[in-house]
$ cat protein-v7.csv   # CSV, C-alpha atoms
chain,number,residue,atom,x,y,z
A,187,MET,CA,-35.7,-51.3,-38.9
A,188,ALA,CA,-32.4,-50.2,-40.3
A,189,GLN,CA,-33.6,-51.2,-43.8
A,190,ASP,CA,-36.7,-49.0,-43.4
A,191,ASP,CA,-34.6,-46.1,-42.4
A,192,LEU,CA,-32.3,-46.7,-45.4
A,193,LYS,CA,-35.4,-46.8,-47.7
A,194,ILE,CA,-36.7,-43.5,-46.2
A,195,GLY,CA,-33.3,-41.9,-46.7
A,196,GLU,CA,-33.1,-43.0,-50.3
A,197,GLN,CA,-36.7,-41.7,-51.0
A,198,LEU,CA,-35.9,-38.3,-49.4
A,199,SER,CA,-32.7,-38.0,-51.5
A,200,LYS,CA,-34.6,-38.9,-54.7
A,201,ASP,CA,-37.4,-36.5,-54.0
A,202,LEU,CA,-35.0,-33.7,-53.2
A,203,LYS,CA,-33.1,-34.2,-56.4
A,204,GLU,CA,-36.3,-34.1,-58.5
A,205,ALA,CA,-37.5,-31.0,-56.6
A,206,VAL,CA,-34.2,-29.2,-57.4
A,207,GLU,CA,-34.4,-30.2,-61.1
A,208,SER,CA,-38.0,-29.2,-61.5
A,209,MET,CA,-38.0,-26.4,-59.0
A,210,ASP,CA,-41.2,-27.9,-57.5
A,211,PHE,CA,-40.8,-28.7,-53.8
A,212,SER,CA,-44.4,-29.6,-53.0
A,213,LYS,CA,-43.8,-33.3,-53.5
A,214,PHE,CA,-40.7,-33.1,-51.4
A,215,SER,CA,-42.6,-31.4,-48.6
A,216,GLU,CA,-45.3,-34.2,-48.6
A,217,THR,CA,-42.6,-36.8,-48.4
A,218,VAL,CA,-40.9,-35.1,-45.4
A,219,SER,CA,-44.3,-34.7,-43.7
A,220,ASP,CA,-45.3,-38.3,-44.2
A,221,THR,CA,-41.8,-39.4,-43.0
A,222,VAL,CA,-42.1,-37.4,-39.8
A,223,ASN,CA,-45.6,-38.6,-39.0
A,224,LEU,CA,-44.6,-42.2,-39.6
A,225,THR,CA,-41.6,-41.8,-37.2
A,226,LEU,CA,-43.7,-40.3,-34.5
A,227,ARG,CA,-46.4,-43.0,-34.8
A,228,GLU,CA,-43.7,-45.7,-34.5
A,229,THR,CA,-42.1,-44.1,-31.5
A,230,LYS,CA,-45.5,-43.8,-29.7
A,231,GLU,CA,-46.2,-47.5,-30.4
A,232,ARG,CA,-42.8,-48.6,-29.0
A,233,MET,CA,-43.4,-46.5,-25.8
A,234,GLU,CA,-46.8,-48.1,-25.3
A,235,ARG,CA,-45.4,-51.6,-25.6
A,236,ARG,CA,-42.6,-50.8,-23.1
A,237,THR,CA,-45.1,-49.4,-20.7
A,238,GLN,CA,-47.2,-52.5,-20.8
A,239,GLU,CA,-44.2,-54.8,-20.4
A,240,PHE,CA,-43.0,-52.7,-17.4
A,241,GLY,CA,-46.5,-52.9,-15.8
A,242,ARG,CA,-46.6,-56.7,-16.1
A,243,ASN,CA,-43.1,-57.0,-14.5
A,244,ARG,CA,-43.9,-54.5,-11.6
A,245,GLY,CA,-47.3,-55.8,-10.6
A,246,PRO,CA,-50.9,-54.5,-11.1
A,247,ALA,CA,-51.5,-51.9,-13.7
A,248,PRO,CA,-51.7,-48.2,-12.7
A,249,GLU,CA,-55.5,-48.3,-12.9
A,250,GLN,CA,-55.6,-51.2,-10.5
A,251,ARG,CA,-53.2,-49.4,-8.1
A,252,ARG,CA,-55.3,-46.4,-8.1
A,253,ASN,CA,-58.4,-48.5,-7.3
A,254,THR,CA,-56.7,-49.8,-4.1
A,255,GLY,CA,-56.5,-46.2,-2.7
A,256,VAL,CA,-54.7,-43.1,-3.2
A,257,TYR,CA,-51.4,-44.4,-1.9
A,258,GLY,CA,-52.1,-47.9,-0.8
A,259,THR,CA,-49.8,-49.7,1.6
A,260,ALA,CA,-46.1,-49.1,1.9
A,261,ALA,CA,-45.4,-52.2,-0.3
A,262,GLN,CA,-48.0,-51.0,-2.9
A,263,ALA,CA,-46.9,-47.4,-3.1
A,264,ASP,CA,-46.3,-46.1,-6.6
A,265,PRO,CA,-42.8,-44.8,-6.9
A,266,TRP,CA,-43.8,-42.6,-9.8
A,267,THR,CA,-46.5,-40.8,-7.7
A,268,GLU,CA,-44.5,-40.8,-4.5
A,269,HIS,CA,-43.8,-37.0,-5.0
A,270,LEU,CA,-47.6,-36.4,-4.9
A,271,ARG,CA,-47.9,-37.5,-1.2
A,272,PRO,CA,-48.6,-34.8,1.5
A,273,ARG,CA,-45.4,-33.5,3.0
A,274,ASP,CA,-46.0,-35.0,6.4
A,275,GLU,CA,-46.5,-38.5,4.9
A,276,ILE,CA,-43.3,-38.6,2.8
A,277,ARG,CA,-40.6,-40.6,4.4
A,278,PRO,CA,-37.1,-39.1,4.1
A,279,VAL,CA,-34.9,-41.3,1.9
A,280,ASN,CA,-31.7,-40.9,3.9
A,281,GLN,CA,-30.9,-38.0,6.1
A,282,SER,CA,-27.2,-38.7,6.0
A,283,LYS,CA,-27.2,-38.7,2.2
A,284,GLN,CA,-28.8,-35.3,1.9
A,285,ARG,CA,-26.5,-32.5,0.8
A,286,GLN,CA,-25.4,-30.5,3.8
A,287,LEU,CA,-25.3,-26.8,3.1
A,288,PRO,CA,-22.4,-24.9,4.6
A,289,PRO,CA,-23.4,-22.9,7.7
A,290,LYS,CA,-23.9,-19.3,7.2
A,291,VAL,CA,-21.2,-17.1,8.6
A,292,LYS,CA,-22.7,-14.9,11.3
A,293,SER,CA,-22.0,-11.2,11.0
A,294,VAL,CA,-20.1,-10.1,14.1
A,295,VAL,CA,-19.8,-6.4,13.3
A,296,LYS,CA,-22.8,-4.2,14.0
A,297,THR,CA,-23.5,-1.1,11.9
A,298,ARG,CA,-25.9,1.7,12.3
A,299,PRO,CA,-26.2,4.0,9.3
A,300,GLN,CA,-26.6,7.7,10.1
A,301,GLY,CA,-28.9,9.9,8.1
A,302,ARG,CA,-29.7,7.5,5.3
A,303,ALA,CA,-33.2,8.8,4.7
A,304,ALA,CA,-32.1,12.4,5.3
A,305,GLY,CA,-29.2,11.9,2.9
A,306,ILE,CA,-31.5,10.6,0.1
A,307,LEU,CA,-34.0,13.4,0.6
A,308,CYS,CA,-31.4,16.1,0.8
A,309,THR,CA,-29.8,14.9,-2.3
A,310,ILE,CA,-33.1,14.7,-4.3
A,311,PHE,CA,-34.6,18.0,-3.1
A,312,GLY,CA,-31.3,19.7,-3.1
A,313,GLY,CA,-30.6,18.6,-6.7
A,314,MET,CA,-34.1,19.5,-7.9
A,315,GLY,CA,-33.9,22.9,-6.1
A,316,LEU,CA,-30.4,23.6,-7.5
A,317,PHE,CA,-31.4,22.7,-11.0
A,318,GLY,CA,-34.6,24.8,-10.8
A,319,CYS,CA,-32.8,27.8,-9.2
A,320,VAL,CA,-30.0,27.7,-11.9
A,321,LEU,CA,-32.6,27.6,-14.7
A,322,THR,CA,-34.7,30.3,-13.0
A,323,THR,CA,-31.6,32.5,-12.4
A,324,MET,CA,-30.6,32.2,-16.1
A,325,PHE,CA,-34.1,33.2,-17.2
A,326,VAL,CA,-34.2,36.1,-14.8
A,327,ILE,CA,-30.8,37.3,-16.0
A,328,MET,CA,-32.0,37.0,-19.6
A,329,GLY,CA,-35.3,38.8,-18.8
A,330,VAL,CA,-33.4,41.6,-17.0
A,331,ALA,CA,-31.1,41.9,-20.0
A,332,ILE,CA,-34.0,42.1,-22.5
A,333,THR,CA,-36.6,44.2,-20.6
A,334,GLN,CA,-34.0,46.3,-18.7
A,335,PRO,CA,-36.3,47.0,-15.7
A,336,ASP,CA,-35.2,49.0,-12.7
A,337,PHE,CA,-31.7,48.1,-11.7
A,338,ALA,CA,-32.5,47.6,-8.0
A,339,VAL,CA,-35.4,45.3,-8.8
A,340,GLY,CA,-33.4,43.2,-11.2
A,341,ALA,CA,-30.4,42.9,-8.8
A,342,SER,CA,-32.6,41.9,-5.9
A,343,MET,CA,-34.3,39.2,-7.9
A,344,ILE,CA,-30.9,37.8,-9.1
A,345,GLY,CA,-29.5,38.0,-5.6
A,346,LEU,CA,-32.5,36.1,-4.2
A,347,PHE,CA,-32.1,33.3,-6.7
A,348,VAL,CA,-28.3,33.2,-6.2
A,349,VAL,CA,-28.9,32.8,-2.4
A,350,LEU,CA,-31.4,30.0,-3.1
A,351,THR,CA,-29.0,28.3,-5.5
A,352,VAL,CA,-26.3,28.3,-2.8
A,353,ALA,CA,-28.8,27.0,-0.2
A,354,PHE,CA,-29.9,24.1,-2.4
A,355,ALA,CA,-26.3,23.4,-3.3
A,356,LEU,CA,-25.4,23.1,0.4
A,357,LEU,CA,-28.5,20.9,0.9
A,358,MET,CA,-27.4,18.6,-1.9
A,359,GLY,CA,-23.9,18.6,-0.5
A,360,VAL,CA,-25.1,17.5,2.9
A,361,GLY,CA,-27.1,14.7,1.3
A,362,ILE,CA,-24.1,13.5,-0.8
A,363,HIS,CA,-22.0,13.6,2.3
A,364,TYR,CA,-24.4,11.3,4.2
A,365,ASN,CA,-24.8,9.0,1.2
A,366,ARG,CA,-21.1,8.6,0.7
A,367,LYS,CA,-20.5,8.1,4.4
A,368,ASN,CA,-23.2,5.3,4.5
A,369,SER,CA,-21.7,3.8,1.4
A,370,ARG,CA,-18.3,3.6,3.0
A,371,LEU,CA,-19.9,2.1,6.1
A,372,SER,CA,-21.4,-0.7,3.9
A,373,LEU,CA,-18.1,-1.2,2.1
A,374,TYR,CA,-16.2,-1.5,5.4
A,375,ALA,CA,-18.8,-3.9,6.9
A,376,ARG,CA,-18.6,-6.1,3.8
A,377,TYR,CA,-15.0,-7.0,4.5
A,378,MET,CA,-15.5,-7.0,8.3
A,379,ARG,CA,-18.3,-9.6,8.2
A,380,GLY,CA,-17.6,-12.8,10.1
A,381,LYS,CA,-14.5,-11.4,11.8
A,382,GLU,CA,-13.9,-10.4,15.4
A,383,PHE,CA,-11.4,-7.7,14.5
A,384,ILE,CA,-9.7,-6.3,11.4
A,385,THR,CA,-6.5,-4.3,11.0
A,386,PHE,CA,-6.6,-1.1,8.9
A,387,LYS,CA,-3.7,-2.5,6.9
A,388,GLU,CA,-5.9,-5.5,5.8
A,389,LEU,CA,-8.9,-3.2,5.2
A,390,ALA,CA,-6.7,-0.8,3.2
A,391,GLY,CA,-5.6,-3.6,0.9
A,392,ARG,CA,-9.2,-4.6,0.3
A,393,THR,CA,-10.8,-1.2,-0.1
A,394,GLY,CA,-8.0,0.6,-1.8
A,395,LYS,CA,-7.9,3.4,0.8
A,396,THR,CA,-4.9,4.5,2.9
A,397,GLU,CA,-4.5,3.4,6.5
A,398,ASP,CA,-4.5,7.0,7.7
A,399,PHE,CA,-7.8,7.7,5.9
A,400,LEU,CA,-9.4,4.6,7.4
A,401,ALA,CA,-8.2,5.4,10.9
A,402,LYS,CA,-9.7,8.9,10.7
A,403,ASP,CA,-12.9,7.9,8.9
A,404,ILE,CA,-13.7,5.0,11.2
A,405,LYS,CA,-12.8,7.1,14.3
A,406,LYS,CA,-15.5,9.6,13.2
A,407,MET,CA,-17.9,6.8,12.6
A,408,LEU,CA,-17.3,5.4,16.1
A,409,GLU,CA,-18.0,8.9,17.6
A,410,CYS,CA,-21.2,9.0,15.6
A,411,GLY,CA,-22.3,5.6,16.8
A,412,MET,CA,-22.2,4.0,13.4
A,413,PHE,CA,-20.2,1.0,14.7
A,414,PRO,CA,-22.1,0.2,18.0
A,415,GLY,CA,-20.1,-2.0,20.3
A,416,SER,CA,-16.9,-1.8,18.4
A,417,ARG,CA,-13.6,-0.3,19.7
A,418,MET,CA,-10.4,1.0,18.2
A,419,ASP,CA,-7.0,0.3,19.7
A,420,GLU,CA,-5.1,3.2,21.1
A,421,GLU,CA,-2.5,3.0,18.3
A,422,GLN,CA,-5.3,3.3,15.7
A,423,THR,CA,-4.2,0.3,13.8
A,424,CYS,CA,-7.3,-2.0,14.1
A,425,LEU,CA,-11.0,-2.2,14.9
A,426,MET,CA,-12.4,-4.8,17.3
A,427,PHE,CA,-16.1,-5.9,17.2
A,428,THR,CA,-16.5,-8.2,20.2
A,429,ASP,CA,-15.8,-7.9,23.9
A,430,GLU,CA,-13.6,-11.0,23.7
A,431,ALA,CA,-11.4,-9.4,21.0
A,432,TYR,CA,-11.1,-6.2,23.1
A,433,LYS,CA,-10.3,-8.2,26.2
A,434,GLN,CA,-7.5,-10.1,24.3
A,435,TYR,CA,-6.2,-6.8,23.1
A,436,GLN,CA,-6.1,-5.3,26.6
A,437,GLU,CA,-4.3,-8.4,27.9
A,438,ALA,CA,-1.9,-8.3,25.0
A,439,ARG,CA,-1.3,-4.6,25.6
A,440,GLN,CA,-0.7,-5.1,29.4
A,441,ALA,CA,1.7,-8.0,28.6
A,442,TYR,CA,3.5,-5.7,26.1
A,443,ALA,CA,3.7,-2.9,28.6
A,444,ILE,CA,5.1,-5.3,31.2
A,445,ARG,CA,7.6,-6.6,28.7
A,446,GLN,CA,8.6,-3.1,27.7
A,447,GLU,CA,9.1,-2.2,31.4
A,448,GLU,CA,11.1,-5.3,31.9
A,449,GLU,CA,13.2,-4.6,28.8
A,450,LYS,CA,13.8,-1.0,30.1
A,451,ARG,CA,14.8,-2.3,33.5
A,452,LEU,CA,17.2,-4.9,32.0
A,453,ALA,CA,18.6,-2.2,29.7
A,454,LEU,CA,19.1,0.1,32.6
A,455,ILE,CA,20.8,-2.6,34.6
A,456,GLN,CA,23.1,-3.4,31.7
A,457,GLU,CA,23.9,0.2,31.2
A,458,GLU,CA,24.7,0.6,34.9
A,459,GLU,CA,26.9,-2.5,34.7
A,460,GLU,CA,28.7,-1.3,31.7
A,461,LYS,CA,29.1,2.1,33.3
A,462,ALA,CA,30.4,0.5,36.5
A,463,LEU,CA,32.9,-1.6,34.5
A,464,SER,CA,33.9,1.5,32.6
A,465,ASP,CA,34.1,3.6,35.7
A,466,SER,CA,36.0,0.8,37.4
A,467,ALA,CA,38.5,0.6,34.6
A,468,GLU,CA,38.7,4.4,34.6
A,469,LEU,CA,39.0,4.6,38.4
A,470,LYS,CA,41.7,1.9,38.4
A,471,ALA,CA,43.7,3.8,35.7
A,472,MET,CA,43.3,7.0,37.7
A,473,ILE,CA,44.4,5.4,40.9
A,474,GLU,CA,47.5,3.9,39.2
A,475,ARG,CA,48.4,7.3,37.7
A,476,GLY,CA,47.8,9.0,41.1
A,477,ASP,CA,50.2,6.5,42.7
A,478,GLU,CA,52.9,7.5,40.2
A,479,PHE,CA,52.4,11.2,41.2
A,480,LEU,CA,52.6,10.3,44.9
A,481,LYS,CA,55.8,8.4,44.2
A,482,LYS,CA,57.3,11.5,42.5
A,483,ILE,CA,56.1,13.7,45.4
A,484,ARG,CA,57.8,11.3,47.9
A,485,GLU,CA,61.0,11.3,45.9
A,486,ALA,CA,61.0,15.1,45.7
A,487,ASN,CA,60.3,15.3,49.5
A,488,ASP,CA,63.2,13.0,50.2
A,489,GLY,CA,65.6,15.2,48.2
A,490,ILE,CA,64.6,18.4,50.0
A,491,PRO,CA,66.2,18.7,53.4
A,492,GLY,CA,64.3,21.7,54.7
A,493,VAL,CA,62.0,21.0,57.7
A,494,GLU,CA,59.3,23.5,56.9
A,495,ILE,CA,59.0,22.6,53.2
A,496,SER,CA,59.1,18.9,54.1
A,497,ARG,CA,56.2,19.4,56.5
A,498,LYS,CA,54.1,21.1,53.8
A,499,ILE,CA,54.9,18.3,51.4
A,500,ASP,CA,53.9,15.7,54.0
A,501,ASN,CA,50.5,17.5,54.6
A,502,LEU,CA,50.0,17.8,50.8
A,503,GLU,CA,50.7,14.1,50.3
A,504,THR,CA,48.3,13.1,53.1
A,505,ILE,CA,45.5,15.2,51.5
A,506,ILE,CA,46.1,13.7,48.1
A,507,ARG,CA,45.8,10.2,49.5
A,508,GLN,CA,42.6,11.1,51.3
A,509,ILE,CA,41.3,12.4,47.9
A,510,PHE,CA,41.9,9.1,46.2
A,511,LYS,CA,40.3,7.3,49.1
A,512,ALA,CA,37.2,9.5,48.8
A,513,ILE,CA,37.0,8.6,45.1
A,514,ARG,CA,37.2,4.9,45.8
A,515,GLU,CA,34.3,5.3,48.2
A,516,ASN,CA,32.3,7.5,45.9
A,517,PRO,CA,33.2,6.5,42.3
A,518,ASP,CA,30.2,8.6,41.0
A,519,GLU,CA,32.3,11.7,41.7
A,520,ILE,CA,35.0,10.7,39.3
A,521,ASP,CA,34.1,13.5,36.9
A,522,GLU,CA,35.2,16.0,39.6
A,523,MET,CA,38.8,14.7,39.2
A,524,ASP,CA,39.4,15.8,35.7
A,525,LYS,CA,41.2,19.1,36.5
A,526,PHE,CA,42.9,17.6,39.5
A,527,MET,CA,44.5,14.8,37.5
A,528,GLU,CA,45.2,16.8,34.3
A,529,TYR,CA,46.4,20.1,35.7
A,530,TYR,CA,46.7,20.5,39.5
A,531,LEU,CA,48.5,17.3,40.4
A,532,PRO,CA,51.0,17.4,37.5
A,533,THR,CA,51.7,21.1,38.2
A,534,THR,CA,52.3,20.4,41.9
A,535,VAL,CA,54.8,17.6,41.0
A,536,LYS,CA,56.6,19.9,38.6
A,537,LEU,CA,56.9,22.7,41.2
A,538,LEU,CA,58.3,20.2,43.8
A,539,GLU,CA,60.8,18.8,41.3
A,540,THR,CA,61.9,22.4,40.4
A,541,TYR,CA,62.2,23.3,44.1
A,542,ARG,CA,64.4,20.2,44.7
A,543,ARG,CA,66.7,21.3,41.8
A,544,PHE,CA,67.0,24.8,43.2
A,545,ASP,CA,67.6,23.5,46.7
A,546,GLN,CA,70.6,21.5,45.3
A,547,VAL,CA,72.4,24.6,44.1
A,548,ALA,CA,75.4,25.3,46.4
A,549,SER,CA,75.4,29.1,46.1
A,550,PRO,CA,71.9,30.1,45.1
A,551,GLY,CA,71.3,33.6,43.7
A,552,GLU,CA,68.5,36.1,44.4
A,553,ASN,CA,66.4,34.7,41.6
A,554,ILE,CA,66.6,31.1,42.9
A,555,LEU,CA,65.8,32.2,46.5
A,556,SER,CA,62.9,34.3,45.3
A,557,ALA,CA,61.5,31.4,43.2
A,558,LYS,CA,61.8,29.0,46.2
A,559,GLN,CA,59.8,31.4,48.4
A,560,GLU,CA,57.1,31.7,45.6
A,561,ILE,CA,56.9,27.9,45.4
A,562,GLU,CA,56.5,27.6,49.2
A,563,LYS,CA,53.6,30.1,49.1
A,564,THR,CA,52.0,28.3,46.1
A,565,LEU,CA,52.2,25.0,48.1
A,566,ASP,CA,50.0,26.7,50.8
A,567,THR,CA,47.5,27.7,48.1
A,568,ILE,CA,47.5,24.2,46.6
A,569,GLU,CA,46.9,22.7,50.1
A,570,ARG,CA,43.8,24.9,50.6
A,571,ALA,CA,42.5,24.0,47.1
A,572,PHE,CA,43.0,20.2,47.6
A,573,LEU,CA,41.2,20.5,51.0
A,574,SER,CA,38.3,22.2,49.3
A,575,LEU,CA,38.2,19.4,46.6
A,576,LEU,CA,38.2,16.8,49.4
A,577,ASP,CA,35.3,18.5,51.1
A,578,ASP,CA,33.3,18.6,47.8
A,579,LEU,CA,33.9,14.9,47.2
A,580,TYR,CA,32.2,14.2,50.6
A,581,GLN,CA,29.5,16.7,50.1
A,582,ASN,CA,26.8,14.3,48.8
A,583,SER,CA,27.6,11.8,51.4
A,584,ALA,CA,27.4,14.5,54.0
A,585,PHE,CA,23.9,15.6,52.7
A,586,ASP,CA,22.7,12.0,52.8
A,587,ALA,CA,24.0,11.5,56.3
A,588,GLU,CA,22.3,14.8,57.5
A,589,ALA,CA,19.1,13.7,55.9
A,590,ASP,CA,19.2,10.3,57.5
A,591,ALA,CA,19.9,11.9,60.8
A,592,ALA,CA,17.0,14.3,60.5
A,593,VAL,CA,14.6,11.5,59.5
A,594,LEU,CA,15.8,9.3,62.4
A,595,LYS,CA,15.4,12.2,64.9
A,596,THR,CA,11.9,13.0,63.7
A,597,MET,CA,10.8,9.3,64.0
A,598,LEU,CA,12.2,9.1,67.5
A,599,GLU,CA,10.4,12.3,68.5
A,600,GLN,CA,7.1,11.0,67.0
A,601,GLU,CA,7.5,7.7,68.9
A,602,GLY,CA,8.1,9.7,72.1
A,603,LEU,CA,11.5,8.1,72.6
A,604,VAL,CA,13.2,11.5,72.9
A,605,LYS,CA,12.1,14.9,74.1
A,606,HIS,CA,12.4,18.1,72.2

$ encode --input "protein-v7.csv" --output "structure tokens"
Amino acid sequence: MAQDDLKIGEQLSKDLKEAVESMDFSKFSETVSDTVNLTLRETKERMERRTQEFGRNRGPAPEQRRNTGVYGTAAQADPWTEHLRPRDEIRPVNQSKQRQLPPKVKSVVKTRPQGRAAGILCTIFGGMGLFGCVLTTMFVIMGVAITQPDFAVGASMIGLFVVLTVAFALLMGVGIHYNRKNSRLSLYARYMRGKEFITFKELAGRTGKTEDFLAKDIKKMLECGMFPGSRMDEEQTCLMFTDEAYKQYQEARQAYAIRQEEEKRLALIQEEEEKALSDSAELKAMIERGDEFLKKIREANDGIPGVEISRKIDNLETIIRQIFKAIRENPDEIDEMDKFMEYYLPTTVKLLETYRRFDQVASPGENILSAKQEIEKTLDTIERAFLSLLDDLYQNSAFDAEADAAVLKTMLEQEGLVKH
């Protein structure tokens, strides 16, 4: 066979060379045609021989199999005509080996376009009307300019077509609005498909629109019923399509609210503790400073022999001690002690120390005696002021006590335990 192919190749080369030299390709064409026919005939003979050999090895010939019936028994079935069997008679080869198609993702989000047909019709008729009115208006203007009819008639005609032009433009605008809105709805739904919820941040990254635009646009769509069954969160950050997603959102929101309240409560407790520690430190420092002032007042009193002035100093010392006691019992009133600690008390100590120095002068003059009398009068004023401050410190406690007494009295009267 290889030698025959070699001879055919040499013959084709020889005929091609002669055809090129003589510029006559008719003989070369005959050679090519004969070669092709010979090759086809040999190929057909080889296929027939292989078919006969295959039939002897497989069993009866195809004619014999067809004589036994259309399909014969299961053992006699022709594998080459198996695909011709009726669908209900074909046995599946192997169900487990068949290619399993991936399940289709069910669309969770529901959409309801609004004004789709109206949008298309408004766009078409509005555009046609607008185009026609614009052309007509141009022709009318040209006609008026050429023929120059009555001005009122021409103006009325132009005005009419201008109004119609505006009306058709508005109609087309309404149609375009509806079409764009439904197009955005389809765009959003494409990225929402198969999800139970979607954040506007994710949707913005996919659609190329801003989160604020999506929040406003989808909110309007929800109000129009274009997303039936969907809900937006209160913060306007995501859209939920199922009741389960909305339920989880509500539970998460409630948990977040509880956590926020707990954090506020803990922060308030911490603030109160810090304030109490600060107030405690401030109160402790104030008490220590007050003890120093009281010690100086006692030393001044010991150095003044006069009975009347000593009595006034004793009363003043007692009132000051009661003021510090009231502050210990009501530390919230510590802000009321600023002037007392920074001005009144230091001035009182200074006056007493001055009085003691004047009192130690053996032969006091008129100025010293006058100054001592003025200090004694001032001590009476200071005593009244300190008594007023002491009363103010107990004011809130007095109000609370009066309120508690009034409530208790009312309850006892309502229960009939006391008479009016």

$ atom_distance --input "protein-v7.csv" --atom1 "atom CA of A:Met527" --atom2 "atom CA of A:Asp577"
16.8 Å

$ closest_residue --input "protein-v7.csv" --among "A:Gln456, A:Arg298, A:Gly305, A:Tyr541" --to "A:Met407" --atoms "only C-alpha atoms"
A:Arg298

$ residues_near_point --input "protein-v7.csv" --point "(-19.4, 6.2, 16.3)" --cutoff "12 Å" --atoms "only C-alpha atoms" --output "ChimeraX atom specification"
/A:296-300,371,402-418,425

$ atom_distance --input "protein-v7.csv" --atom1 "atom CA of A:Ile568" --atom2 "atom CA of A:Glu474"
21.6 Å

$ closest_residue --input "protein-v7.csv" --among "A:Ala375, A:Val320, A:Ile455, A:Ala548" --to "A:Phe354" --atoms "all atoms listed in the file"
A:Val320

$ residues_around --input "protein-v7.csv" --residues "A:Val360" --least-positions-apart "3" --cutoff "8 Å" --atoms "only C-alpha atoms" --output "VMD selection string"
chain A and resid 305 308 to 309 356 to 357 363 to 364
